[in-house]
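Source file: final03.txt. Holds: compact mmCIF, N, CA and C atoms.
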```txt
# COMPACT_ATOMS: atom_id res chain seq x y z
N MET A 1 139.16 74.18 -96.51
CA MET A 1 139.90 74.32 -95.27
C MET A 1 140.60 72.98 -94.99
N THR A 2 141.81 73.07 -94.50
CA THR A 2 142.59 71.86 -94.22
C THR A 2 142.78 71.68 -92.72
N LEU A 3 143.27 70.52 -92.34
CA LEU A 3 143.53 70.25 -90.93
C LEU A 3 144.56 71.22 -90.37
N ARG A 4 145.49 71.66 -91.17
CA ARG A 4 146.49 72.62 -90.72
C ARG A 4 145.82 73.88 -90.16
N ASP A 5 144.65 74.23 -90.71
CA ASP A 5 143.94 75.43 -90.29
C ASP A 5 143.23 75.27 -88.94
N VAL A 6 142.95 74.04 -88.54
CA VAL A 6 142.15 73.83 -87.32
C VAL A 6 142.87 73.01 -86.24
N MET A 7 143.98 72.41 -86.57
CA MET A 7 144.64 71.50 -85.62
C MET A 7 145.22 72.26 -84.42
N THR A 8 145.28 71.56 -83.31
CA THR A 8 145.90 72.09 -82.12
C THR A 8 147.39 71.81 -82.20
N GLN A 9 148.16 72.84 -81.94
CA GLN A 9 149.61 72.69 -81.91
C GLN A 9 150.19 73.75 -80.99
N PRO A 10 151.28 73.56 -80.35
CA PRO A 10 152.03 72.31 -80.32
C PRO A 10 151.23 71.23 -79.58
N VAL A 11 151.62 70.00 -79.79
CA VAL A 11 150.92 68.86 -79.22
C VAL A 11 151.60 68.41 -77.93
N ILE A 12 150.80 68.25 -76.88
CA ILE A 12 151.30 67.66 -75.65
C ILE A 12 151.47 66.18 -75.95
N ARG A 13 152.65 65.63 -75.69
CA ARG A 13 152.95 64.25 -76.02
C ARG A 13 153.75 63.59 -74.91
N ILE A 14 153.86 62.29 -75.01
CA ILE A 14 154.61 61.54 -74.01
C ILE A 14 155.44 60.49 -74.73
N GLN A 15 156.52 60.06 -74.09
CA GLN A 15 157.34 58.99 -74.65
C GLN A 15 156.90 57.65 -74.06
N GLU A 16 157.08 56.59 -74.83
CA GLU A 16 156.57 55.28 -74.44
C GLU A 16 157.21 54.70 -73.19
N GLU A 17 158.38 55.20 -72.79
CA GLU A 17 159.05 54.69 -71.58
C GLU A 17 158.49 55.31 -70.31
N GLU A 18 157.78 56.43 -70.43
CA GLU A 18 157.21 57.08 -69.25
C GLU A 18 156.18 56.17 -68.60
N THR A 19 155.88 56.43 -67.35
CA THR A 19 154.92 55.58 -66.64
C THR A 19 153.49 56.05 -66.89
N VAL A 20 152.58 55.14 -66.65
CA VAL A 20 151.16 55.45 -66.76
C VAL A 20 150.79 56.54 -65.76
N ALA A 21 151.42 56.55 -64.59
CA ALA A 21 151.14 57.59 -63.59
C ALA A 21 151.47 58.98 -64.15
N VAL A 22 152.59 59.09 -64.85
CA VAL A 22 152.96 60.37 -65.46
C VAL A 22 151.93 60.74 -66.53
N ALA A 23 151.52 59.78 -67.34
CA ALA A 23 150.51 60.04 -68.38
C ALA A 23 149.21 60.54 -67.75
N ALA A 24 148.78 59.90 -66.68
CA ALA A 24 147.53 60.30 -66.02
C ALA A 24 147.62 61.73 -65.49
N ARG A 25 148.76 62.06 -64.90
CA ARG A 25 148.94 63.43 -64.41
C ARG A 25 148.93 64.44 -65.56
N MET A 26 149.51 64.07 -66.69
CA MET A 26 149.52 64.98 -67.84
C MET A 26 148.11 65.17 -68.39
N LEU A 27 147.35 64.08 -68.48
CA LEU A 27 145.97 64.19 -68.95
C LEU A 27 145.17 65.13 -68.06
N THR A 28 145.38 65.01 -66.76
CA THR A 28 144.68 65.87 -65.81
C THR A 28 145.15 67.32 -65.92
N ARG A 29 146.46 67.50 -65.92
CA ARG A 29 147.02 68.85 -65.95
C ARG A 29 146.57 69.64 -67.17
N TYR A 30 146.55 68.99 -68.34
CA TYR A 30 146.20 69.69 -69.57
C TYR A 30 144.72 69.53 -69.95
N ASN A 31 143.96 68.83 -69.11
CA ASN A 31 142.53 68.63 -69.33
C ASN A 31 142.25 68.06 -70.73
N ILE A 32 142.94 66.97 -71.03
CA ILE A 32 142.77 66.30 -72.31
C ILE A 32 142.48 64.82 -72.07
N GLY A 33 141.96 64.14 -73.07
CA GLY A 33 141.59 62.75 -72.92
C GLY A 33 142.53 61.76 -73.59
N ALA A 34 143.51 62.28 -74.34
CA ALA A 34 144.44 61.40 -75.06
C ALA A 34 145.79 62.08 -75.21
N LEU A 35 146.82 61.25 -75.15
CA LEU A 35 148.19 61.72 -75.35
C LEU A 35 148.83 60.92 -76.48
N PRO A 36 149.33 61.58 -77.49
CA PRO A 36 150.11 60.87 -78.49
C PRO A 36 151.40 60.37 -77.85
N VAL A 37 151.80 59.18 -78.22
CA VAL A 37 153.04 58.58 -77.72
C VAL A 37 154.02 58.63 -78.88
N CYS A 38 155.14 59.34 -78.67
CA CYS A 38 156.11 59.55 -79.73
C CYS A 38 157.48 59.04 -79.33
N GLY A 39 158.22 58.61 -80.33
CA GLY A 39 159.62 58.25 -80.12
C GLY A 39 160.44 59.53 -80.02
N ARG A 40 161.69 59.36 -79.71
CA ARG A 40 162.58 60.53 -79.59
C ARG A 40 162.70 61.29 -80.91
N ASP A 41 162.42 60.61 -82.02
CA ASP A 41 162.50 61.25 -83.34
C ASP A 41 161.23 62.00 -83.73
N GLY A 42 160.22 62.00 -82.84
CA GLY A 42 158.97 62.71 -83.12
C GLY A 42 157.96 61.88 -83.88
N ARG A 43 158.30 60.66 -84.21
CA ARG A 43 157.35 59.80 -84.93
C ARG A 43 156.35 59.19 -83.96
N LEU A 44 155.12 59.15 -84.41
CA LEU A 44 154.02 58.64 -83.59
C LEU A 44 154.15 57.13 -83.41
N GLN A 45 154.13 56.69 -82.17
CA GLN A 45 154.21 55.27 -81.83
C GLN A 45 152.85 54.71 -81.43
N GLY A 46 151.98 55.57 -80.93
CA GLY A 46 150.68 55.14 -80.45
C GLY A 46 149.94 56.28 -79.79
N LEU A 47 148.89 55.93 -79.08
CA LEU A 47 148.06 56.91 -78.40
C LEU A 47 147.62 56.29 -77.09
N VAL A 48 147.71 57.04 -76.00
CA VAL A 48 147.22 56.55 -74.72
C VAL A 48 146.09 57.46 -74.27
N THR A 49 144.97 56.84 -73.93
CA THR A 49 143.79 57.60 -73.51
C THR A 49 143.49 57.32 -72.05
N ASP A 50 142.62 58.14 -71.48
CA ASP A 50 142.19 57.89 -70.11
C ASP A 50 141.52 56.52 -70.01
N ARG A 51 140.82 56.13 -71.04
CA ARG A 51 140.18 54.81 -71.06
C ARG A 51 141.22 53.68 -71.09
N ASP A 52 142.29 53.85 -71.86
CA ASP A 52 143.37 52.86 -71.88
C ASP A 52 143.94 52.66 -70.48
N ILE A 53 144.12 53.76 -69.77
CA ILE A 53 144.68 53.69 -68.43
C ILE A 53 143.76 52.90 -67.50
N VAL A 54 142.48 53.16 -67.59
CA VAL A 54 141.52 52.47 -66.72
C VAL A 54 141.41 50.99 -67.10
N THR A 55 141.21 50.70 -68.37
CA THR A 55 140.94 49.32 -68.77
C THR A 55 142.18 48.43 -68.85
N ARG A 56 143.30 48.99 -69.28
CA ARG A 56 144.49 48.16 -69.49
C ARG A 56 145.49 48.21 -68.34
N CYS A 57 145.32 49.16 -67.44
CA CYS A 57 146.24 49.25 -66.31
C CYS A 57 145.50 49.00 -65.00
N LEU A 58 144.63 49.90 -64.62
CA LEU A 58 143.96 49.79 -63.33
C LEU A 58 143.08 48.55 -63.21
N ALA A 59 142.23 48.32 -64.19
CA ALA A 59 141.31 47.18 -64.12
C ALA A 59 142.03 45.84 -64.17
N SER A 60 143.23 45.82 -64.73
CA SER A 60 143.98 44.56 -64.79
C SER A 60 144.94 44.39 -63.60
N GLY A 61 144.87 45.33 -62.65
CA GLY A 61 145.66 45.20 -61.44
C GLY A 61 147.09 45.66 -61.53
N ARG A 62 147.43 46.37 -62.60
CA ARG A 62 148.80 46.87 -62.73
C ARG A 62 148.98 48.14 -61.88
N THR A 63 150.20 48.44 -61.56
CA THR A 63 150.53 49.63 -60.77
C THR A 63 150.94 50.75 -61.73
N PRO A 64 150.21 51.86 -61.74
CA PRO A 64 150.51 52.96 -62.67
C PRO A 64 151.94 53.49 -62.55
N GLU A 65 152.49 53.48 -61.34
CA GLU A 65 153.84 54.00 -61.14
C GLU A 65 154.91 53.06 -61.69
N LYS A 66 154.55 51.81 -61.95
CA LYS A 66 155.52 50.83 -62.44
C LYS A 66 155.22 50.32 -63.85
N THR A 67 154.15 50.80 -64.44
CA THR A 67 153.75 50.33 -65.77
C THR A 67 154.12 51.39 -66.80
N ALA A 68 154.82 50.97 -67.84
CA ALA A 68 155.20 51.89 -68.92
C ALA A 68 154.01 52.15 -69.83
N VAL A 69 153.97 53.35 -70.36
CA VAL A 69 152.90 53.75 -71.29
C VAL A 69 152.80 52.76 -72.45
N LYS A 70 153.95 52.28 -72.95
CA LYS A 70 153.92 51.37 -74.10
C LYS A 70 153.16 50.08 -73.82
N GLU A 71 152.99 49.73 -72.54
CA GLU A 71 152.27 48.51 -72.18
C GLU A 71 150.75 48.67 -72.24
N VAL A 72 150.25 49.90 -72.25
CA VAL A 72 148.80 50.11 -72.23
C VAL A 72 148.30 50.95 -73.40
N MET A 73 149.21 51.52 -74.18
CA MET A 73 148.79 52.40 -75.27
C MET A 73 148.14 51.61 -76.41
N THR A 74 147.40 52.32 -77.22
CA THR A 74 146.87 51.77 -78.46
C THR A 74 147.96 51.99 -79.51
N GLY A 75 148.43 50.91 -80.08
CA GLY A 75 149.56 51.00 -81.00
C GLY A 75 149.19 51.33 -82.43
N THR A 76 148.04 50.90 -82.87
CA THR A 76 147.61 51.18 -84.23
C THR A 76 146.71 52.40 -84.20
N VAL A 77 147.19 53.49 -84.79
CA VAL A 77 146.49 54.76 -84.71
C VAL A 77 146.19 55.27 -86.11
N VAL A 78 144.95 55.70 -86.31
CA VAL A 78 144.57 56.34 -87.57
C VAL A 78 145.11 57.77 -87.53
N THR A 79 145.77 58.17 -88.59
CA THR A 79 146.33 59.53 -88.68
C THR A 79 145.88 60.19 -89.97
N ALA A 80 146.15 61.48 -90.05
CA ALA A 80 145.85 62.24 -91.26
C ALA A 80 147.00 63.19 -91.53
N ARG A 81 147.12 63.60 -92.77
CA ARG A 81 148.14 64.59 -93.13
C ARG A 81 147.60 66.00 -92.89
N ALA A 82 148.50 66.92 -92.66
CA ALA A 82 148.12 68.30 -92.35
C ALA A 82 147.37 68.97 -93.50
N ASP A 83 147.58 68.52 -94.73
CA ASP A 83 146.91 69.13 -95.87
C ASP A 83 145.57 68.47 -96.23
N MET A 84 145.11 67.54 -95.38
CA MET A 84 143.83 66.88 -95.63
C MET A 84 142.68 67.87 -95.43
N ASP A 85 141.69 67.81 -96.28
CA ASP A 85 140.50 68.63 -96.17
C ASP A 85 139.73 68.25 -94.90
N THR A 86 139.20 69.24 -94.20
CA THR A 86 138.51 68.97 -92.93
C THR A 86 137.27 68.09 -93.11
N ALA A 87 136.57 68.24 -94.22
CA ALA A 87 135.39 67.40 -94.46
C ALA A 87 135.80 65.94 -94.61
N LEU A 88 136.90 65.69 -95.30
CA LEU A 88 137.39 64.32 -95.44
C LEU A 88 137.83 63.77 -94.09
N ALA A 89 138.47 64.61 -93.29
CA ALA A 89 138.92 64.18 -91.97
C ALA A 89 137.72 63.83 -91.07
N ALA A 90 136.68 64.64 -91.12
CA ALA A 90 135.48 64.36 -90.33
C ALA A 90 134.85 63.04 -90.75
N GLY A 91 134.82 62.79 -92.06
CA GLY A 91 134.31 61.52 -92.56
C GLY A 91 135.15 60.35 -92.09
N LEU A 92 136.45 60.52 -92.10
CA LEU A 92 137.38 59.49 -91.62
C LEU A 92 137.14 59.21 -90.14
N MET A 93 136.97 60.26 -89.37
CA MET A 93 136.74 60.09 -87.93
C MET A 93 135.44 59.34 -87.67
N GLY A 94 134.41 59.64 -88.43
CA GLY A 94 133.15 58.93 -88.29
C GLY A 94 133.27 57.46 -88.65
N ARG A 95 133.88 57.18 -89.79
CA ARG A 95 134.05 55.78 -90.24
C ARG A 95 134.89 54.96 -89.27
N GLU A 96 135.94 55.58 -88.74
CA GLU A 96 136.87 54.87 -87.87
C GLU A 96 136.48 54.90 -86.40
N GLN A 97 135.37 55.59 -86.09
CA GLN A 97 134.87 55.66 -84.71
C GLN A 97 135.86 56.32 -83.76
N ILE A 98 136.47 57.41 -84.20
CA ILE A 98 137.45 58.10 -83.35
C ILE A 98 137.05 59.56 -83.17
N ARG A 99 137.41 60.10 -82.03
CA ARG A 99 137.09 61.49 -81.71
C ARG A 99 138.31 62.39 -81.75
N ARG A 100 139.48 61.77 -81.86
CA ARG A 100 140.74 62.52 -81.92
C ARG A 100 141.58 61.98 -83.06
N LEU A 101 142.17 62.87 -83.81
CA LEU A 101 142.92 62.47 -84.99
C LEU A 101 144.31 63.12 -84.97
N PRO A 102 145.36 62.31 -84.77
CA PRO A 102 146.72 62.86 -84.85
C PRO A 102 147.02 63.28 -86.28
N VAL A 103 147.69 64.41 -86.42
CA VAL A 103 148.04 64.96 -87.72
C VAL A 103 149.55 64.86 -87.89
N THR A 104 149.97 64.31 -89.02
CA THR A 104 151.40 64.12 -89.26
C THR A 104 151.84 64.87 -90.51
N GLU A 105 153.12 65.18 -90.52
CA GLU A 105 153.74 65.81 -91.67
C GLU A 105 155.15 65.23 -91.77
N ASN A 106 155.47 64.68 -92.92
CA ASN A 106 156.76 64.02 -93.11
C ASN A 106 156.99 62.92 -92.07
N GLY A 107 155.92 62.23 -91.70
CA GLY A 107 156.02 61.12 -90.76
C GLY A 107 156.10 61.50 -89.30
N ARG A 108 156.08 62.79 -89.01
CA ARG A 108 156.19 63.24 -87.61
C ARG A 108 154.91 63.92 -87.17
N LEU A 109 154.58 63.75 -85.91
CA LEU A 109 153.40 64.37 -85.34
C LEU A 109 153.55 65.89 -85.37
N CYS A 110 152.53 66.58 -85.91
CA CYS A 110 152.60 68.04 -85.96
C CYS A 110 151.35 68.70 -85.37
N GLY A 111 150.31 67.92 -85.11
CA GLY A 111 149.09 68.50 -84.56
C GLY A 111 148.09 67.44 -84.17
N MET A 112 147.01 67.88 -83.53
CA MET A 112 145.90 66.99 -83.17
C MET A 112 144.61 67.72 -83.53
N VAL A 113 143.65 66.96 -84.00
CA VAL A 113 142.33 67.50 -84.30
C VAL A 113 141.31 66.64 -83.58
N SER A 114 140.41 67.30 -82.89
CA SER A 114 139.32 66.59 -82.22
C SER A 114 138.01 66.99 -82.88
N LEU A 115 136.95 66.23 -82.59
CA LEU A 115 135.64 66.63 -83.09
C LEU A 115 135.29 68.01 -82.56
N GLY A 116 135.73 68.30 -81.34
CA GLY A 116 135.49 69.62 -80.76
C GLY A 116 136.14 70.73 -81.58
N ASP A 117 137.36 70.48 -82.08
CA ASP A 117 138.03 71.47 -82.92
C ASP A 117 137.22 71.76 -84.18
N LEU A 118 136.63 70.72 -84.74
CA LEU A 118 135.84 70.88 -85.95
C LEU A 118 134.48 71.53 -85.67
N SER A 119 133.92 71.24 -84.51
CA SER A 119 132.56 71.71 -84.21
C SER A 119 132.50 73.20 -83.88
N VAL A 120 133.57 73.79 -83.41
CA VAL A 120 133.53 75.20 -83.01
C VAL A 120 133.72 76.16 -84.18
N ARG A 121 134.07 75.64 -85.33
CA ARG A 121 134.24 76.49 -86.51
C ARG A 121 133.02 76.35 -87.40
N GLU A 122 132.48 77.47 -87.80
CA GLU A 122 131.28 77.47 -88.62
C GLU A 122 131.45 76.65 -89.89
N GLU A 123 132.64 76.73 -90.49
CA GLU A 123 132.89 76.05 -91.76
C GLU A 123 132.91 74.53 -91.64
N THR A 124 133.17 74.02 -90.44
CA THR A 124 133.32 72.57 -90.28
C THR A 124 132.34 71.96 -89.28
N SER A 125 131.46 72.75 -88.69
CA SER A 125 130.58 72.23 -87.64
C SER A 125 129.61 71.16 -88.16
N ILE A 126 129.14 71.30 -89.37
CA ILE A 126 128.23 70.29 -89.93
C ILE A 126 128.97 68.97 -90.13
N ASP A 127 130.21 69.04 -90.62
CA ASP A 127 131.02 67.84 -90.79
C ASP A 127 131.25 67.14 -89.45
N ALA A 128 131.54 67.92 -88.41
CA ALA A 128 131.75 67.35 -87.08
C ALA A 128 130.47 66.70 -86.58
N GLY A 129 129.35 67.35 -86.80
CA GLY A 129 128.06 66.78 -86.38
C GLY A 129 127.77 65.47 -87.10
N ASP A 130 128.07 65.42 -88.38
CA ASP A 130 127.88 64.18 -89.15
C ASP A 130 128.77 63.07 -88.61
N ALA A 131 130.02 63.40 -88.29
CA ALA A 131 130.95 62.40 -87.75
C ALA A 131 130.46 61.88 -86.41
N LEU A 132 130.01 62.78 -85.54
CA LEU A 132 129.51 62.36 -84.23
C LEU A 132 128.26 61.50 -84.37
N THR A 133 127.39 61.84 -85.31
CA THR A 133 126.21 61.03 -85.55
C THR A 133 126.61 59.62 -85.99
N GLU A 134 127.59 59.52 -86.86
CA GLU A 134 128.06 58.21 -87.31
C GLU A 134 128.67 57.42 -86.16
N ILE A 135 129.48 58.07 -85.34
CA ILE A 135 130.08 57.41 -84.19
C ILE A 135 128.99 56.93 -83.24
N SER A 136 128.03 57.79 -82.95
CA SER A 136 126.95 57.45 -82.02
C SER A 136 126.06 56.33 -82.54
N SER A 137 125.81 56.32 -83.84
CA SER A 137 124.96 55.26 -84.39
C SER A 137 125.62 53.90 -84.27
N HIS A 138 126.94 53.86 -84.40
CA HIS A 138 127.65 52.61 -84.24
C HIS A 138 127.68 52.16 -82.79
N LEU A 139 127.73 53.10 -81.87
CA LEU A 139 127.71 52.76 -80.45
C LEU A 139 126.39 52.13 -80.06
N SER A 140 125.29 52.68 -80.54
CA SER A 140 123.98 52.15 -80.17
C SER A 140 123.72 50.79 -80.83
N SER A 141 124.38 50.50 -81.95
CA SER A 141 124.16 49.21 -82.61
C SER A 141 124.97 48.09 -81.97
N ARG A 142 125.87 48.42 -81.05
CA ARG A 142 126.69 47.39 -80.38
C ARG A 142 125.93 46.68 -79.26
N LYS A 143 124.85 47.23 -78.81
CA LYS A 143 124.13 46.66 -77.66
C LYS A 143 123.44 45.37 -77.99
```
Would you mind writing the structure in this file as structure tokens?
Amino acid sequence: MTLRDVMTQPVIRIQEEETVAVAARMLTRYNIGALPVCGRDGRLQGLVTDRDIVTRCLASGRTPEKTAVKEVMTGTVVTARADMDTALAAGLMGREQIRRLPVTENGRLCGMVSLGDLSVREETSIDAGDALTEISSHLSSRK
């Protein structure tokens, strides 16, 4: 099974010029924790999460209505190709400590895969569990 079989599409996305306030409203409206940030050409520029908004905008005293997404987004993002095997993707997510994986095709964002997407399918639930165990073990070792 490949990521193409389990990825969420179309992807809710935002452009880097939009404000953090707009991003926060989108996260709330669609009940998601991360928004891919794309250029007008559809290429992934970064990822903005609810945590990015809190730590890089609110906690630093910035105004969400006046702060551009590009100022708080995570610019270096781990991605996968749509034809990647789901077991390999789960392993990648565990190693990289990520719960969401943007999927690209020909350099453009085409889908998103979360640990939740992997866990609800019988064929990939063990891989998702292994990835979450790896992520959790690294979290507990940081203390």
Inset, instruction - Work out how far CA of Cys110 in chain A is from CA of Leu27 in chain A, in Å to one decimal. - result: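 Spanning CA of Leu27 in chain A to CA of Cys110 in chain A is a straight-line distance of 18.7 Å.
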Inset, instruction - Using DSSP on the backbone, list every residue of range 57-95 of chain A that comes out as helix (DSSP H, G or I), and give them as a PyMOL selection string. - result: chain A and resi 57-58+69-71+86-95
Inset, instruction - Enumerate as a list of chain:residue names all residues of range 11-73 of chain A assigned to strand (DSSP E) by DSSP on the backbone, naming them with the chain letters and numbers the document uses. - result: A:Ala34, A:Leu35, A:Pro36, A:Val37, A:Cys38, A:Leu44, A:Gln45, A:Gly46, A:Leu47, A:Val48, A:Thr49
Inset, instruction - Give me the residues within 7 Å of Thr2 in chain A as a list in words, counting only C-alpha atoms and dropping any in the same chain fewer than 3 places off. - result: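 Final neighbour list, sorted by chain and number: Asp5, Ala82, Asp83, Met84, Asp85 and Thr86 of chain A.
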Inset, instruction - Determine, counting only C-alpha atoms, every residue of protein, DNA or RNA that lies within 9 Å of (142.0, 61.7, -84.0) in the file coordinates, then give the result as a VMD selection string. - result: chain A and resid 77 to 80 89 93 98 to 103 112 to 115
Inset, instruction - Tell me which of A:Leu47, A:Met7, A:Val69, A:Leu35 sits closest to Asp117 in chain A, counting all atoms listed in the file. - result: A:Met7
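The nearest approach to Val72 in chain A among the residues A:Asn106, A:Thr49, A:Thr8, A:Ser60, with all atoms listed in the file taken into account, belongs to A:Thr49.
Take atom C of Leu58 in chain A and CA of Val20 in chain A: the distance between them is 11.2 Å.
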Inset, instruction - Would you mind reading off the distance between CA of Thr67 in chain A and atom N of Asp50 in chain A, one decimal, in Å? - result: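 Here the two named atoms are 14.7 Å from each other.
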Legend entry - Distance criterion (only C-alpha atoms): nearest to Ala90 in chain A out of A:Ile32, A:Ala21, A:Leu118, A:Val37: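 Of the candidates, the smallest distance to Ala90 in chain A is held by A:Leu118.
Closest approach to Gln15 in chain A among A:Ile53, A:Met1, A:Ala87, A:Ala68 is made by A:Ala68 (distances from all atoms listed in the file).
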Inset, instruction - May I ask which of the residues A:Val48, A:Ala34, A:Ala59, A:Ala24 is the closest one to Thr76 in chain A, counting only C-alpha atoms? - result: A:Val48
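Using only C-alpha atoms for every distance, the candidate list A:Ile14, A:Ala23, A:Arg81, A:Gly75 yields A:Arg81 as the residue closest to Glu105 in chain A.
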Inset, instruction - Would you mind listing what lies within 8 Å of Asp52 in chain A as an MDAnalysis selection string, with only C-alpha atoms counted and same-chain residues fewer than 5 positions away left out? - result: chainID A and resid 57 72:74
